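The structure appears below as structure tokens.
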Amino acid sequence: MELCFKLLKDCPNRRGVHQAHAGVWSIKDIIAHLASYEHVLVDVLTTFVGGGSTSYLTKFTEPGGQFNDSEVAARKDKTVSDVLGEFNDTHTQVMSLAARIPVETFRQTGTLPWYGIEYALDDFIVYTQYGHKREHSAQIAAFRDQLNA
């Protein structure tokens with residue numbers, strides 16, 4: 001997570017953050033994508049502290065695989081600063097919610113039946129958050145290297 005924040009630190013002030021580099025997404029689009037996953041995690045964690053599922057988790061689990069593209073498209077007209085602010089604000093919510101969940105709950109299998117009965121919350125977080133951010137951090141780092149060249 002720290003690497004991702006470090007890479008994004010001065011993105012709002014960089015030229016080229018709106019241009020697609022490798023593939024179809026720009027740095028801004030990747031940040032929007034990651035912000036949407038932070039919202040999904042807020043929804044997931046909310047179910048562990050007594051709240052119900054909200055719209056992001058519902059969209060995330062819908063068949064058809066449109067979540068990523070639709071969430072990036074929903075942020076197309078926002079500035080990089082706005083999208084980065086959303087990412088940071090939502091991550092703060094994640095950390096606050098996570099602090100309210102007992103440690104043993106994170107490793108209890110079967111708590112996310114829609115994800116797989118053999119998995120636990122920590123499995124979901126490692127794959128969809130940590131690993132996912134590492135993957136996109138590498139893309140952002142490569143994009144920034146291109147911008148600095």
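Residue numbering restarts at 1 for every chain of the structure tokens, chains are lettered A, B, ... in their displayed order, and ligands are numbered from 1 as they appear.
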
**Request:** With a distance cut-off of 12 Å and only C-alpha atoms, select the neighbouring residues of A:Val24, excluding the residue or stretch itself and same-chain residues fewer than 6 positions from it, and output the selection as a list in words.
**Result:** His18, Ile30, Asp69, Val72 and Ala73 of chain A

Could the residues in this selection be saved with C-alpha atoms as a PDB file, in the first residue's frame?
```pdb
ATOM      1  CA  HIS A  18      -4.548  11.187 -18.717  1.00  0.00           C
ATOM      2  CA  ILE A  30      -5.779   3.005 -12.830  1.00  0.00           C
ATOM      3  CA  ASP A  69     -14.804  -0.650 -17.039  1.00  0.00           C
ATOM      4  CA  VAL A  72     -13.415   3.742 -14.544  1.00  0.00           C
ATOM      5  CA  ALA A  73     -15.927   5.275 -16.962  1.00  0.00           C
TER       6      ALA A  73
END
```

Near A:Leu121, counting only C-alpha atoms, which residues have an atom at most 8 Å away, once you skip same-chain residues fewer than 4 positions from it, shown as a PDB file with N, CA, C and O atoms, in the first residue's frame?
```pdb
ATOM      1  N   THR A 105     -11.332 -13.027  13.096  1.00  0.00           N
ATOM      2  CA  THR A 105     -12.355 -12.990  12.048  1.00  0.00           C
ATOM      3  C   THR A 105     -11.714 -12.911  10.665  1.00  0.00           C
ATOM      4  O   THR A 105     -12.220 -13.498   9.703  1.00  0.00           O
ATOM      5  N   PHE A 106     -10.595 -12.215  10.561  1.00  0.00           N
ATOM      6  CA  PHE A 106      -9.913 -12.075   9.277  1.00  0.00           C
ATOM      7  C   PHE A 106      -9.487 -13.418   8.700  1.00  0.00           C
ATOM      8  O   PHE A 106      -9.465 -13.591   7.489  1.00  0.00           O
ATOM      9  N   ARG A 107      -9.154 -14.369   9.556  1.00  0.00           N
ATOM     10  CA  ARG A 107      -8.646 -15.658   9.056  1.00  0.00           C
ATOM     11  C   ARG A 107      -9.675 -16.786   9.132  1.00  0.00           C
ATOM     12  O   ARG A 107      -9.362 -17.933   8.832  1.00  0.00           O
ATOM     13  N   GLN A 108     -10.901 -16.469   9.481  1.00  0.00           N
ATOM     14  CA  GLN A 108     -11.960 -17.484   9.576  1.00  0.00           C
ATOM     15  C   GLN A 108     -12.516 -17.784   8.184  1.00  0.00           C
ATOM     16  O   GLN A 108     -13.061 -16.911   7.512  1.00  0.00           O
ATOM     17  N   THR A 109     -12.366 -19.020   7.751  1.00  0.00           N
ATOM     18  CA  THR A 109     -12.860 -19.401   6.427  1.00  0.00           C
ATOM     19  C   THR A 109     -14.388 -19.449   6.417  1.00  0.00           C
ATOM     20  O   THR A 109     -15.022 -19.630   7.455  1.00  0.00           O
ATOM     21  N   THR A 111     -16.491 -17.036   5.640  1.00  0.00           N
ATOM     22  CA  THR A 111     -17.201 -15.800   5.977  1.00  0.00           C
ATOM     23  C   THR A 111     -17.597 -14.989   4.747  1.00  0.00           C
ATOM     24  O   THR A 111     -18.361 -14.030   4.867  1.00  0.00           O
ATOM     25  N   LEU A 112     -17.085 -15.372   3.576  1.00  0.00           N
ATOM     26  CA  LEU A 112     -17.421 -14.706   2.316  1.00  0.00           C
ATOM     27  C   LEU A 112     -17.898 -15.765   1.314  1.00  0.00           C
ATOM     28  O   LEU A 112     -17.200 -16.094   0.363  1.00  0.00           O
ATOM     29  N   ILE A 125      -8.556  -9.968   0.955  1.00  0.00           N
ATOM     30  CA  ILE A 125      -7.788  -8.725   1.024  1.00  0.00           C
ATOM     31  C   ILE A 125      -6.422  -8.880   0.357  1.00  0.00           C
ATOM     32  O   ILE A 125      -5.990  -8.004  -0.400  1.00  0.00           O
TER      33      ILE A 125
END
```

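Between A:Tyr37 and the candidates A:Val83, A:Leu57, A:Val49, A:Leu97, the tightest atom-to-atom separation, counting only C-alpha atoms, involves A:Leu57.
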
**Request:** Could you check which of A:Leu84, A:Ile27, A:Leu45, A:Ala74 is closest to A:Arg100, using only C-alpha atoms?
**Result:**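 So, comparing all the options, the nearest one is A:Leu45.
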
**Asked** What's the 9 Å shell around A:Phe87, counting only C-alpha atoms, without same-chain residues fewer than 2 positions away, as a list of chain:residue names?
**Response** A:Ile31, A:Ala32, A:Leu34, A:Ala35, A:Ser36, A:Glu38, A:His39, A:Asp82, A:Val83, A:Leu84, A:Gly85, A:Asp89, A:Thr90, A:His91, A:Thr92

**Message:** Just to confirm, what's the straight-line distance from atom CA of A:Arg144 to atom CA of A:Ser26 in Å (one decimal)?
**Reply:**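 Between these atoms lies a distance of 10.9 Å.
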
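Taking atom CA of A:Tyr119 as the reference point, atom CA of A:His132 is found at 17.1 Å.
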
**For A:Pro102, the nearest of the candidates A:Phe48, A:Glu118, A:Val80, A:Gln129, counting only C-alpha atoms** =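 Smallest separation from A:Pro102 among the options: A:Phe48.
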
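Residue nearest A:Thr58 within the list A:Trp114, A:Ala138, A:Trp25, A:Glu86: A:Trp114 [criterion: smallest interatomic distance, only C-alpha atoms].
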
**Asked** In terms of the shortest atom-to-atom distance over only C-alpha atoms, which of A:Thr128, A:Val103, A:Phe60, A:Lys28 is closest to A:Asp43?
**Response**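 Looking only at the distances to A:Asp43, the closest residue turns out to be A:Phe60.
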